[in-house]
Amino acid sequence: MDKYDDQYIKELLLKAETQHKGFELLVRQYSEQLYWQVRRIVVTHEDANDVLQNAFLKAWNGLESFHGDAKIFTWISRIAINESIDFVRRQKNMAAISADDEDSHVANTLMADDYFDGNETEALLQEAIASLPEVQRTVFTLRYFDEMKYSEMSQRLNTSEGSLKASYHIAVKKISEFFKSHD
Amino acid sequence: MSMKEEKYLIEEVGRENPFRVPEGYFDTLTSQIMAKVEAEGVEARDLKPGKEKRAKVVWLRPVLYAAASVCALFISVVAYQNYSEQGVTAPAQNVVANNQMMVDDYFDEAADYVMLDNQDIYACLSSDY
């Protein structure tokens, strides 16, 4: 599925004269996959686009944090996931300050969104996910939609597998309860 | 129990991706991102392949434990002295508040001393290695 060899991209990234080209290949290779990871966490297309671009900017500015022995996708995905979590946290803080309970009308907003093609039940699932604390929300989307292994998630979120399993189970329980209360 | 609830969710809602993107979005995404990177003005530079930063955290973990132990001992001594000097009339809340401030100050000093930033501390406290 990958268009370019990771080892080749890594070699390009290490040298100043080939770094720009290497980064461009990295963006070409992984931006779509990362976009969907981010989108499931932040929900709207506009926000996903902003968060993704910021994540790539951070990656470029912090190339020193990339270590040749790490997988490129693990590294860039960690940056994008952290950026998504920070975004959701800021959004929740702003909603708290303005006393606007944004989570409670996510489903209605989505049903009117041009870039949401789901039905009412899928919109409600997004509302339930948006009501979770940011880390639970991230763990849930990575596991439920991407079916990511806990071992892989542990590398991305720098958290133990045990904590991730616990977070996922709590999130599933809360979302099920949300649905049962809406039946 | 949670597997049963997960199954319920999959049956009730499914795992389909309900999101869409504007037409042609992914065709222009790379050039948009690269334009932003160039506008940022951070120059390309040679990188040295190195070890993961986590190695530093692993190495510093005993230092953190030692700092925490010294901190705990210090608090106990101060709390004991406060209690002895002020006797049973000292409001417990004040003692707790004072000690908390001392803990915070001491922890900040210890973190500065071993040159740990918040990210290192969070990584260290939340990791298994």
# chains A, B, ... in the order shown; residues from 1 in each chain; ligands from 1
>>> interface_residues(of="chain A", to="chain B", cutoff="6 Å", atoms="only C-alpha atoms", output="mmCIF file with N, CA and C atoms, in the first residue's frame")
data_model
loop_
_atom_site.group_PDB
_atom_site.id
_atom_site.type_symbol
_atom_site.label_atom_id
_atom_site.label_comp_id
_atom_site.auth_asym_id
_atom_site.auth_seq_id
_atom_site.Cartn_x
_atom_site.Cartn_y
_atom_site.Cartn_z
ATOM 1 N N LEU A 14 17.452 12.772 6.844
ATOM 2 C CA LEU A 14 18.633 13.018 7.680
ATOM 3 C C LEU A 14 19.538 14.140 7.148
ATOM 4 N N LYS A 15 19.567 14.331 5.827
ATOM 5 C CA LYS A 15 20.499 15.327 5.262
ATOM 6 C C LYS A 15 19.772 16.603 4.850
ATOM 7 N N ALA A 16 20.390 17.732 5.184
ATOM 8 C CA ALA A 16 19.760 19.032 4.905
ATOM 9 C C ALA A 16 19.374 19.194 3.437
ATOM 10 N N VAL A 27 4.797 13.354 3.674
ATOM 11 C CA VAL A 27 3.445 13.930 3.669
ATOM 12 C C VAL A 27 2.580 13.196 2.641
ATOM 13 N N ARG A 28 3.146 12.985 1.450
ATOM 14 C CA ARG A 28 2.397 12.300 0.387
ATOM 15 C C ARG A 28 2.003 10.894 0.838
ATOM 16 N N GLN A 53 -2.602 19.971 9.503
ATOM 17 C CA GLN A 53 -1.555 20.874 9.017
ATOM 18 C C GLN A 53 -0.628 21.304 10.159
ATOM 19 N N LEU A 57 3.399 20.693 10.546
ATOM 20 C CA LEU A 57 4.310 21.809 10.836
ATOM 21 C C LEU A 57 5.165 21.492 12.059
ATOM 22 N N HIS A 67 13.804 9.780 15.426
ATOM 23 C CA HIS A 67 14.999 8.961 15.564
ATOM 24 C C HIS A 67 14.982 7.904 14.481
ATOM 25 N N GLY A 68 16.098 7.778 13.818
ATOM 26 C CA GLY A 68 16.197 6.888 12.665
ATOM 27 C C GLY A 68 15.722 5.474 12.916
ATOM 28 N N TYR A 115 -20.203 17.441 4.924
ATOM 29 C CA TYR A 115 -19.197 16.388 4.860
ATOM 30 C C TYR A 115 -19.483 15.264 5.854
ATOM 31 N N PHE A 116 -20.731 15.137 6.239
ATOM 32 C CA PHE A 116 -21.158 13.997 7.061
ATOM 33 C C PHE A 116 -22.247 13.274 6.288
ATOM 34 N N ASP A 117 -21.995 11.994 6.057
ATOM 35 C CA ASP A 117 -22.880 11.241 5.190
ATOM 36 C C ASP A 117 -23.612 10.139 5.961
ATOM 37 N N GLY A 118 -23.529 10.193 7.280
ATOM 38 C CA GLY A 118 -24.108 9.106 8.086
ATOM 39 C C GLY A 118 -25.575 9.323 8.384
ATOM 40 N N PHE A 145 -12.849 2.221 15.476
ATOM 41 C CA PHE A 145 -12.885 2.448 14.031
ATOM 42 C C PHE A 145 -11.626 1.924 13.323
ATOM 43 N N THR A 159 1.365 5.341 26.780
ATOM 44 C CA THR A 159 0.599 4.894 27.947
ATOM 45 C C THR A 159 0.608 3.369 27.964
ATOM 46 N N SER A 160 0.494 2.783 29.154
ATOM 47 C CA SER A 160 0.560 1.319 29.238
ATOM 48 C C SER A 160 -0.673 0.678 28.595
ATOM 49 N N HIS A 169 -12.637 0.110 27.680
ATOM 50 C CA HIS A 169 -13.798 -0.558 28.273
ATOM 51 C C HIS A 169 -14.753 0.448 28.922
#
>>> select_by_dssp(residues="segment 27-121 of chain A", states="helix (DSSP H, G or I)", output="NGL selection string")
:A and (27-42 or 45-61 or 63-65 or 72-97 or 102-111 or 120-121)
>>> residues_around(residues="Ile170 of chain A", least_positions_apart="3", cutoff="12 Å", atoms="only C-alpha atoms", output="PyMOL selection string")
(chain A and resi 129+132-133+135-137+139-140+163-167+173-177) or (chain B and resi 1-3+5-6)
>>> closest_residue(among="A:Glu134, A:Asn158, A:Phe179, A:His45", to="Arg90 of chain A", atoms="only C-alpha atoms")
A:Glu134
>>> atom_distance(atom1="atom CA of Asp69 of chain A", atom2="atom CA of Gln29 of chain A")
18.6 Å
>>> atom_distance(atom1="atom CA of Leu142 of chain A", atom2="atom CA of Glu127 of chain A")
16.5 Å
